[in-house]
Every structure is written in structure tokens, then in C-alpha cells.
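Next comes final.txt, with compact mmCIF, C-alpha atoms and all ligand atoms.
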```
# COMPACT_ATOMS: atom_id res chain seq x y z
CA MET A 319 46.40 63.29 -9.00
CA THR A 320 43.58 62.97 -6.53
CA LEU A 321 41.32 60.10 -7.50
CA LEU A 322 38.26 61.45 -5.72
CA ASP A 323 37.87 65.13 -5.04
CA VAL A 324 34.74 66.18 -3.17
CA ASP A 325 34.54 69.95 -2.92
CA ASP A 326 32.02 71.84 -0.80
CA LEU A 327 29.42 69.12 -1.32
CA VAL A 328 25.85 69.89 -0.26
CA VAL A 329 23.13 67.23 -0.21
CA ASP A 330 19.57 68.05 0.83
CA HIS A 331 17.02 65.37 1.65
CA ARG A 332 13.59 66.55 0.60
CA THR A 333 10.37 65.08 1.93
CA PRO A 334 7.11 66.57 0.67
CA GLY A 335 5.45 68.80 3.29
CA ARG A 336 8.58 69.02 5.48
CA PRO A 337 11.55 71.38 5.53
CA ALA A 338 14.53 70.05 3.58
CA VAL A 339 17.22 68.44 5.72
CA ARG A 340 20.76 69.40 4.79
CA ALA A 341 22.44 66.02 5.40
CA VAL A 342 25.75 67.16 3.91
CA ALA A 343 26.41 70.85 4.43
CA GLY A 344 29.50 71.84 2.48
CA ALA A 345 31.92 68.92 2.93
CA SER A 346 35.29 68.63 1.19
CA LEU A 347 37.27 65.39 1.06
CA GLY A 348 39.87 63.77 -1.18
CA VAL A 349 41.04 60.20 -1.74
CA ALA A 350 44.20 59.43 -3.73
CA ALA A 351 44.85 56.22 -5.67
CA GLY A 352 46.19 53.57 -3.29
CA GLU A 353 45.14 55.61 -0.27
CA VAL A 354 42.82 54.53 2.55
CA VAL A 355 40.74 57.31 4.06
CA GLY A 356 38.65 56.62 7.15
CA LEU A 357 35.52 58.73 7.48
CA VAL A 358 34.27 58.75 11.07
CA GLY A 359 31.45 60.43 12.97
CA GLU A 360 28.33 59.64 14.97
CA SER A 361 25.37 58.04 13.22
CA GLY A 362 23.28 60.57 11.35
CA CYS A 363 26.21 62.93 10.68
CA GLY A 364 25.95 62.51 6.91
CA LYS A 365 28.67 59.92 6.21
CA SER A 366 26.43 57.55 4.28
CA THR A 367 24.77 60.37 2.38
CA LEU A 368 28.18 61.66 1.31
CA ALA A 369 29.10 58.15 0.09
CA ARG A 370 25.82 57.74 -1.76
CA ALA A 371 26.30 61.10 -3.47
CA VAL A 372 29.82 60.07 -4.56
CA CYS A 373 28.36 56.90 -6.15
CA GLY A 374 25.58 58.84 -7.86
CA LEU A 375 22.90 57.11 -5.74
CA THR A 376 21.77 60.44 -4.23
CA PRO A 377 21.81 63.72 -6.18
CA ALA A 378 24.13 66.49 -5.03
CA THR A 379 22.38 69.78 -4.23
CA GLY A 380 25.58 71.82 -4.55
CA GLY A 381 29.35 71.64 -4.74
CA THR A 382 31.33 69.33 -6.99
CA ILE A 383 32.44 65.71 -7.02
CA ALA A 384 35.33 65.00 -9.37
CA PHE A 385 36.31 61.40 -10.05
CA GLY A 386 39.52 60.69 -11.95
CA GLY A 387 39.67 64.39 -12.81
CA THR A 388 36.15 64.44 -14.30
CA PRO A 389 33.61 66.66 -12.51
CA VAL A 390 30.83 64.06 -12.46
CA THR A 391 28.31 66.37 -10.81
CA ARG A 392 28.26 68.46 -13.98
CA LEU A 393 27.71 65.56 -16.40
CA GLY A 394 24.40 64.38 -17.80
CA LEU A 395 23.02 61.16 -16.39
CA ARG A 396 24.35 58.81 -19.06
CA ARG A 397 27.90 60.17 -19.09
CA ARG A 398 27.90 60.36 -15.32
CA ASP A 399 26.92 56.71 -14.96
CA ARG A 400 29.72 55.74 -17.34
CA ALA A 401 32.24 57.86 -15.39
CA LEU A 402 31.13 56.27 -12.12
CA THR A 403 31.58 52.63 -13.19
CA GLY A 404 34.99 52.82 -11.53
CA ILE A 405 33.40 53.11 -8.08
CA GLN A 406 32.17 50.06 -6.20
CA MET A 407 30.45 50.08 -2.85
CA VAL A 408 30.24 47.55 -0.03
CA PHE A 409 27.33 48.13 2.33
CA GLN A 410 26.70 47.37 6.00
CA ASP A 411 24.17 44.70 5.09
CA PRO A 412 25.74 42.32 2.54
CA TYR A 413 22.24 41.72 1.16
CA SER A 414 22.37 45.30 -0.16
CA SER A 415 25.33 44.20 -2.31
CA LEU A 416 24.30 40.56 -2.90
CA ASN A 417 21.14 39.01 -4.28
CA PRO A 418 19.95 36.30 -1.81
CA ARG A 419 18.43 34.26 -4.65
CA ARG A 420 21.51 33.88 -6.83
CA ARG A 421 24.56 31.68 -6.37
CA VAL A 422 27.51 33.71 -5.18
CA GLY A 423 29.67 32.60 -8.11
CA ALA A 424 27.21 34.09 -10.61
CA GLN A 425 27.26 37.38 -8.73
CA ILE A 426 31.05 37.53 -8.70
CA ALA A 427 30.97 36.69 -12.42
CA ASP A 428 28.80 39.80 -12.92
CA GLY A 429 31.60 41.87 -11.41
CA LEU A 430 34.19 40.27 -13.71
CA ALA A 431 31.93 40.99 -16.68
CA VAL A 432 31.75 44.68 -15.74
CA ALA A 433 35.54 44.79 -15.98
CA GLY A 434 35.58 42.64 -19.15
CA ASP A 435 37.95 40.36 -17.23
CA ARG A 436 38.12 36.89 -18.85
CA ALA A 437 41.47 35.91 -17.34
CA THR A 438 40.31 35.85 -13.72
CA SER A 439 37.98 33.09 -12.54
CA VAL A 440 35.28 33.27 -9.90
CA GLY A 441 37.35 30.78 -7.88
CA ASP A 442 40.37 33.10 -8.05
CA MET A 443 38.26 35.91 -6.61
CA LEU A 444 36.92 33.71 -3.81
CA GLU A 445 40.46 32.68 -2.91
CA ARG A 446 41.59 36.29 -2.89
CA VAL A 447 39.07 37.02 -0.13
CA GLY A 448 40.06 33.91 1.80
CA LEU A 449 37.24 31.53 0.81
CA PRO A 450 37.55 28.15 -0.95
CA ALA A 451 36.99 28.31 -4.72
CA GLY A 452 34.58 25.38 -4.39
CA MET A 453 31.99 27.56 -2.60
CA ALA A 454 30.94 29.35 -5.79
CA GLY A 455 27.81 27.23 -6.16
CA ARG A 456 26.36 28.22 -2.80
CA TYR A 457 23.78 30.87 -1.97
CA PRO A 458 24.47 33.86 0.31
CA HIS A 459 22.44 32.46 3.24
CA GLU A 460 24.79 29.46 3.42
CA PHE A 461 27.59 31.72 4.67
CA SER A 462 28.29 33.52 7.94
CA GLY A 463 28.01 37.32 8.09
CA GLY A 464 31.76 37.74 7.79
CA GLN A 465 31.93 35.34 4.83
CA ARG A 466 29.06 37.14 3.10
CA GLN A 467 30.91 40.41 3.49
CA ARG A 468 34.00 38.76 1.95
CA ILE A 469 31.84 37.72 -1.00
CA ALA A 470 30.49 41.27 -1.36
CA ILE A 471 34.11 42.48 -1.40
CA ALA A 472 35.03 39.87 -4.03
CA ARG A 473 32.09 40.96 -6.19
CA ALA A 474 33.04 44.63 -5.84
CA LEU A 475 36.73 44.04 -6.57
CA ALA A 476 35.95 41.78 -9.54
CA ALA A 477 34.66 44.92 -11.30
CA ARG A 478 38.19 46.40 -10.95
CA PRO A 479 37.10 49.66 -9.31
CA SER A 480 39.59 52.48 -8.94
CA LEU A 481 37.66 53.53 -5.82
CA LEU A 482 36.15 51.16 -3.30
CA ILE A 483 33.74 52.59 -0.74
CA GLY A 484 32.76 50.70 2.40
CA ASP A 485 29.74 52.16 4.17
CA GLU A 486 29.91 50.69 7.69
CA PRO A 487 30.98 47.37 6.10
CA ILE A 488 31.95 45.83 9.45
CA SER A 489 29.37 47.19 11.89
CA ALA A 490 27.02 44.20 11.53
CA LEU A 491 29.83 41.65 12.01
CA ASP A 492 31.06 39.78 15.09
CA ALA A 493 33.95 41.50 16.83
CA SER A 494 36.27 38.71 15.68
CA ALA A 495 35.40 39.25 12.00
CA GLN A 496 35.53 43.07 12.09
CA ALA A 497 39.27 43.65 12.04
CA GLN A 498 39.79 40.76 9.59
CA VAL A 499 37.30 42.09 7.05
CA ALA A 500 38.56 45.67 7.41
CA THR A 501 42.17 44.59 6.98
CA LEU A 502 41.21 42.49 3.96
CA MET A 503 39.54 45.50 2.33
CA ARG A 504 42.63 47.58 2.91
CA THR A 505 45.02 44.93 1.60
CA LEU A 506 43.04 44.19 -1.56
CA ALA A 507 42.33 47.85 -2.36
CA VAL A 508 45.95 48.90 -1.92
CA GLU A 509 47.23 45.84 -3.84
CA SER A 510 45.06 46.70 -6.81
CA GLY A 511 46.03 50.39 -6.68
CA ALA A 512 42.49 51.47 -5.83
CA GLY A 513 41.58 54.09 -3.26
CA LEU A 514 39.44 53.07 -0.30
CA LEU A 515 36.97 55.31 1.48
CA PHE A 516 36.15 53.41 4.65
CA ILE A 517 33.18 54.70 6.62
CA SER A 518 32.86 53.51 10.17
CA HIS A 519 31.99 54.59 13.66
CA ASP A 520 34.59 52.16 14.97
CA LEU A 521 37.63 54.32 15.56
CA SER A 522 39.84 51.45 16.65
CA VAL A 523 39.42 49.71 13.30
CA VAL A 524 39.79 52.94 11.34
CA ARG A 525 43.03 53.58 13.18
CA LEU A 526 44.21 50.13 12.13
CA ILE A 527 43.67 50.52 8.39
CA ALA A 528 43.39 54.21 7.39
CA ASP A 529 46.24 56.38 6.12
CA ARG A 530 44.15 59.47 6.76
CA ILE A 531 41.14 60.21 8.92
CA ALA A 532 38.31 62.63 8.21
CA VAL A 533 35.99 63.47 11.10
CA MET A 534 32.45 64.47 10.19
CA TYR A 535 29.99 66.33 12.38
CA LEU A 536 26.47 67.29 11.38
CA GLY A 537 27.14 67.44 7.65
CA LYS A 538 30.62 68.97 7.77
CA ILE A 539 34.17 67.65 7.86
CA VAL A 540 35.63 69.21 11.00
CA GLU A 541 39.12 67.68 11.00
CA THR A 542 41.31 65.77 8.56
CA GLY A 543 44.86 64.55 8.83
CA PRO A 544 47.21 61.57 8.77
CA THR A 545 45.83 58.90 11.09
CA ALA A 546 48.84 58.81 13.40
CA GLU A 547 48.81 62.61 13.82
CA VAL A 548 45.10 62.86 14.50
CA TRP A 549 45.34 59.99 16.94
CA ALA A 550 48.32 61.40 18.82
CA ASP A 551 47.22 65.02 18.73
CA PRO A 552 43.51 65.52 17.99
CA ARG A 553 42.89 69.24 17.61
CA HIS A 554 39.19 69.81 17.01
CA PRO A 555 37.25 69.63 20.30
CA TYR A 556 34.85 67.15 18.69
CA THR A 557 37.71 64.83 17.68
CA GLN A 558 39.16 65.20 21.17
CA ALA A 559 35.82 64.21 22.69
CA LEU A 560 35.55 61.18 20.41
CA LEU A 561 39.02 59.94 21.30
CA ARG A 562 38.53 60.65 25.01
CA ALA A 563 35.37 58.57 24.98
CA ILE A 564 37.30 55.49 23.87
CA PRO A 565 37.91 53.18 26.84
CA ALA A 566 41.49 53.76 27.93
CA ALA A 567 42.22 50.19 29.04
CA ASP A 568 43.04 48.73 25.65
CA GLY A 569 43.01 51.93 23.61
CA LEU A 570 40.24 50.41 21.53
CA GLY A 571 36.59 51.21 21.29
CA THR A 572 33.61 52.36 19.37
CA LEU A 573 32.25 55.81 18.88
CA PRO A 574 30.07 56.68 21.86
CA GLU A 575 26.46 57.65 21.45
CA GLU A 576 26.66 59.79 24.57
CA LEU A 577 28.87 62.83 24.21
CA PRO A 578 27.45 65.62 26.38
CA GLY A 579 24.21 66.86 24.85
CA ASP A 580 22.27 65.37 21.98
CA VAL A 581 23.24 65.54 18.33
CA PRO A 582 21.27 68.56 17.09
CA ASP A 583 18.52 68.15 14.51
CA PRO A 584 20.13 68.46 11.05
CA ALA A 585 16.90 70.15 9.88
CA ASP A 586 17.61 72.97 12.34
CA PRO A 587 21.38 73.12 12.89
CA PRO A 588 22.91 75.45 15.49
CA SER A 589 24.18 78.86 14.34
CA GLY A 590 27.90 79.49 13.88
CA CYS A 591 29.98 76.42 14.67
CA ARG A 592 27.55 73.50 14.65
CA PHE A 593 29.35 71.90 17.59
CA HIS A 594 29.08 74.95 19.87
CA PRO A 595 26.15 73.76 22.07
CA ARG A 596 28.21 70.66 23.00
CA CYS A 597 31.70 72.16 22.91
CA PRO A 598 33.55 72.55 26.24
CA LYS A 599 35.78 75.24 24.68
CA ALA A 600 33.11 77.36 22.97
CA MET A 601 33.75 81.12 22.82
CA ASP A 602 31.40 84.00 21.96
CA VAL A 603 32.38 83.98 18.31
CA CYS A 604 31.51 80.28 17.97
CA ALA A 605 27.74 80.78 18.25
CA ARG A 606 27.81 83.74 15.86
CA THR A 607 30.09 82.84 12.99
CA GLU A 608 30.96 79.58 11.34
CA PRO A 609 34.69 78.71 11.37
CA ALA A 610 36.31 78.39 7.94
CA PRO A 611 36.69 74.90 6.46
CA GLY A 612 40.24 73.54 6.63
CA PRO A 613 42.27 70.73 8.14
CA VAL A 614 40.78 71.83 11.48
CA SER A 615 37.55 73.81 11.18
CA CYS A 616 37.49 75.55 14.56
CA TRP A 617 37.98 79.08 15.90
CA LEU A 618 40.74 77.81 18.17
CA TYR A 619 42.85 77.35 15.03
CA PRO A 620 42.14 80.33 12.77
CA PRO A 621 43.65 79.94 9.29
CA ALA A 622 47.03 81.72 9.02
FE1 LIG B 1 34.29 74.61 19.90
FE2 LIG B 1 34.27 77.07 18.91
FE3 LIG B 1 35.94 75.27 17.92
FE4 LIG B 1 33.34 75.07 17.47
S1 LIG B 1 34.69 76.70 16.76
S2 LIG B 1 34.68 73.42 18.04
S3 LIG B 1 32.49 75.80 19.40
S4 LIG B 1 35.95 76.12 19.99
MG MG B 2 25.18 55.48 7.94
```
Take the structure I supplied and represent it as C-alpha cells, if you would.
Amino acid sequence: MTLLDVDDLVVDHRTPGRPAVRAVAGASLGVAAGEVVGLVGESGCGKSTLARAVCGLTPATGGTIAFGGTPVTRLGLRRRDRALTGIQMVFQDPYSSLNPRRRVGAQIADGLAVAGDRATSVGDMLERVGLPAGMAGRYPHEFSGGQRQRIAIARALAARPSLLIGDEPISALDASAQAQVATLMRTLAVESGAGLLFISHDLSVVRLIADRIAVMYLGKIVETGPTAEVWADPRHPYTQALLRAIPAADGLGTLPEELPGDVPDPADPPSGCRFHPRCPKAMDVCARTEPAPGPVSCWLYPPA
């Protein structure tokens, strides 16, 4: 059974006196237990908003989010919060997950308490993320960025989530810590049988740890597939542009900010296929009619 099933999710950001911005515009995405899904796309494409809606931090405007088979978007607040206790999030800034004024051991203990876990110690959790058990009495500022992110991961995993979400968890880290922290998240999530939704604009790291990739553009998922297949044979012109933009020398790289043309304003998205003003393969139909959602949402690959 799919652990997380996001179906045609719509999330509008409303600011008084301004038109609503459709940050997520009908996105569908699934994560199975024990599976690592990498969600990639340029900044501002709606990745974080999708994650926040999954966690119940931002209300969904439309569509459904089912978690463990329960359609949480249709539950009342209290029952929804209870259903969502199985989701833990690790943020870009560890201080969004950690309280700077409390000892890290106490914060990991909070996670263990959520799970009602009396058998595991705070020291065990620190060791699982590669830190000495004796560091439990320290405060977050006494650690490096990479270590702090390890502590945030320990705190999240202590709560025994069935779904772990990382929202750009490595983008504030040194290059040397990025792959280590990403690999650690994958290892610990898979070991515990949890699913991992890993949001990043670093395609090289996503390639390293994700079983499947989902590519997001301006509020929509435009391509999904097994990582190796998408990497070897990207089909959507946007995915192709992303992969082409990666420096060829080492096959590694980060998502470019400079594909041809600017990312359109999500408050006023282009007609038809949202990528058409930037797409080198655009046809007449592309500006008129939106392609159907699917593994590749593009008129070049009409559904059979
Ligand atoms: Fe390009 Fe048309 Fe495909 Fe959109 S639908 S990505 S504009 S070819
Ligand atoms: Mg973001």
C-alpha cells in the first residue's frame, strides 16, 4: 500500500488585497513505505509548500492527501493532527527543527516520548546519527551545521515516523557534509521501514539516494520515474534542460537558476503547458491546452 498518496493537490497562498497565488496547482505524488522519493525543481516551484501541506502546516485548497490509507485532508483538525503524528520533517535550517535554548539530549528525548519509546536512550539515537552519546548535554550552537542536521534527524527519527520529509535538509551545509547527511537520512529511513520524501535542488545528491524522482515545475509534477531511468532518459523538456545544465565534467551539479527565460510568476501562470514560454520544443497546442498529468506531462508524449 502507498504510504503517502497526494492526489491532485492544490494549495493557494492568500494575502489580503492581492490575488491568490496557486503555489501547488494540481500535483500528484506517492511515497511507499521504505521508498525514497526525490522531489526536485527550481526554487519557488512549490516543493516546500507541497511538503508543508502534507504535514498539515499549510491548508490544502483542493485535492486529497492520504496518509497510511486515511484521507487526512477530509478529517477535522483534531483527528488530522493525530493521523499526522507519523510524519516528521527536517528543515533546511536546523533551528527550525531544534530549539537553540535547550540541550540537544532533551530535544531528542521529546521525540522518544512522542513514540512512547522507553527502550531507546538519547545516547543510542546520537550514536545512530554518528555522534558521540556524551554530547547529549550540549546546546545546538556548540555543533557544526552538519552535526546540527544530524541531531535534527535523530530527533525526528526518535518519534518513529513512518514518513520522514526533508525540505532542502542539505542546502545550507558544506559540500563535504551534504552527501553524508543525505546518505544518512536514506539509510536510517530505509532501515526503520519509513518512507523518505527528500526535497532538494541538488540533483547529484538526489540521484545518489532516491529510488524515484519527481520533477516539479510551477506547481505541477511534470515527470516522475525510477531515478536511473529518468537520469538515463529524461523525457520532459524541462527535465532534459535540468540535466543538461549539470556540468558534464563530473556528472554532478546543482540545479541552475538560469534556464532560458525567467520562471513565470505563479500568480499569473502561462496558459496551456506552463513550461511553453521556455520550452525549446513547444508546439501550437502547448500554449492553448494543458497536457494531461501522468508520468510525463507533455504533449510530446500523449497518453495512450
Ligand atoms: Fe514543451 Fe509542449 Fe511538452 Fe510543454 S507540452 S514541455 S511546451 S513540448
Ligand atoms: Mg523551498
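Taking only C-alpha atoms and all ligand atoms into account, ligand LIG 1 (chain B) has within 8 Å the residues His554, Pro555, Tyr556, Gly590, Cys591, Arg592, Phe593, His594, Pro595, Arg596, Cys597, Pro598, Lys599, Ala600, Met601, Val603, Cys604, Ala605, Glu608, Pro609, Ser615, Cys616, Trp617, Leu618 and Tyr619 of chain A.
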Return as a PyMOL selection string the residues of protein, DNA or RNA that approach ligand MG 2 (chain B) to within 12 Å, with all atoms listed in the file taken into account.
chain A and resi 341+357-370+409-411+484-490+516-519+534
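Neighbours of Val349 of chain A closer than or equal to 10 Å, with all atoms listed in the file counted and sequence neighbours fewer than 2 positions away skipped, come out as A:Met319, A:Thr320, A:Leu321, A:Leu322, A:Asp323, A:Val324, A:Leu347, A:Ala351, A:Gly352, A:Glu353, A:Val354, A:Val355, A:Gly356, A:Phe385, A:Leu481, A:Ala512, A:Gly513, A:Leu514, A:Leu515, A:Arg530.
For the set A:Pro389, A:Pro479, A:Gly434, A:Gly429, the residue with the smallest atom-to-atom gap to Ala507 of chain A is A:Pro479, counting only C-alpha atoms.
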Name the residues in contact with Pro611 of chain A at a cut-off of 9 Å, using all atoms listed in the file, excluding same-chain residues fewer than 5 positions from it; report them as JSON, numbers by chain.
{"A": [344, 345, 346, 538, 539, 540, 541, 616]}
Using the selection just defined, write its residues with C-alpha atoms as a PDB file, in the coordinates of the input.
```pdb
ATOM      1  CA  GLY A 344      29.500  71.840   2.480  1.00  0.00           C
ATOM      2  CA  ALA A 345      31.920  68.920   2.930  1.00  0.00           C
ATOM      3  CA  SER A 346      35.290  68.630   1.190  1.00  0.00           C
ATOM      4  CA  LYS A 538      30.620  68.970   7.770  1.00  0.00           C
ATOM      5  CA  ILE A 539      34.170  67.650   7.860  1.00  0.00           C
ATOM      6  CA  VAL A 540      35.630  69.210  11.000  1.00  0.00           C
ATOM      7  CA  GLU A 541      39.120  67.680  11.000  1.00  0.00           C
ATOM      8  CA  CYS A 616      37.490  75.550  14.560  1.00  0.00           C
TER       9      CYS A 616
END
```
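Nearest residue to Pro450 of chain A among A:Gly423, A:Pro613, A:Pro584, A:Gly394 is A:Gly423, counting all atoms listed in the file.
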Can you tell me, as number ranges by chain, which residues sit within 9 Å of (39.1, 41.3, 4.7) in the file's frame, using only C-alpha atoms?
A: 447-448, 464, 467-468, 471, 495-506
Can I get the selection written as a PDB file, keeping the file's coordinate frame, with C-alpha atoms?
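Saved to again07.pdb:
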```pdb
ATOM      1  CA  VAL A 447      39.070  37.020  -0.130  1.00  0.00           C
ATOM      2  CA  GLY A 448      40.060  33.910   1.800  1.00  0.00           C
ATOM      3  CA  GLY A 464      31.760  37.740   7.790  1.00  0.00           C
ATOM      4  CA  GLN A 467      30.910  40.410   3.490  1.00  0.00           C
ATOM      5  CA  ARG A 468      34.000  38.760   1.950  1.00  0.00           C
ATOM      6  CA  ILE A 471      34.110  42.480  -1.400  1.00  0.00           C
ATOM      7  CA  ALA A 495      35.400  39.250  12.000  1.00  0.00           C
ATOM      8  CA  GLN A 496      35.530  43.070  12.090  1.00  0.00           C
ATOM      9  CA  ALA A 497      39.270  43.650  12.040  1.00  0.00           C
ATOM     10  CA  GLN A 498      39.790  40.760   9.590  1.00  0.00           C
ATOM     11  CA  VAL A 499      37.300  42.090   7.050  1.00  0.00           C
ATOM     12  CA  ALA A 500      38.560  45.670   7.410  1.00  0.00           C
ATOM     13  CA  THR A 501      42.170  44.590   6.980  1.00  0.00           C
ATOM     14  CA  LEU A 502      41.210  42.490   3.960  1.00  0.00           C
ATOM     15  CA  MET A 503      39.540  45.500   2.330  1.00  0.00           C
ATOM     16  CA  ARG A 504      42.630  47.580   2.910  1.00  0.00           C
ATOM     17  CA  THR A 505      45.020  44.930   1.600  1.00  0.00           C
ATOM     18  CA  LEU A 506      43.040  44.190  -1.560  1.00  0.00           C
TER      19      LEU A 506
END
```
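Going from atom CA of Arg398 of chain A to atom CA of Gly374 of chain A covers 8.0 Å.
Near segment 332-337 of chain A, within a cut-off of 10 Å and counting all atoms listed in the file, sit the residues Val329, Arg340, Ala585 and Asp586 of chain A, with same-chain residues fewer than 3 positions away left out.
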Please indicate the distance in Å from atom CA of Ala563 of chain A to atom CA of Val548 of chain A, rounded to one decimal place.
14.9 Å
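Taking atom CA of Thr382 of chain A and atom CA of Val328 of chain A as the two end points, the separation is 8.7 Å.
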Env of segment 416-421 of chain A: 10 Å cut, atoms = all atoms listed in the file, seq-sep filter 4 positions within chain, self excluded. Answer as a ChimeraX atom specification.
/A:408-409,411-412,425-426,453-460,466-467,469-470,473
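Distances from A:Met443, A:Leu482, A:Ala493, A:Ala559 to Ala424 of chain A were compared using only C-alpha atoms, and the smallest one belongs to A:Met443.
Using all atoms listed in the file, the smallest distance between any of A:Ala610, A:Met407, A:Ala476, A:Leu375 and Gly441 of chain A comes from A:Ala476.
Distances here use only C-alpha atoms; by that measure, the residue among A:Pro582, A:Arg446, A:Asp435, A:Gly612 closest to Val533 of chain A is A:Gly612.
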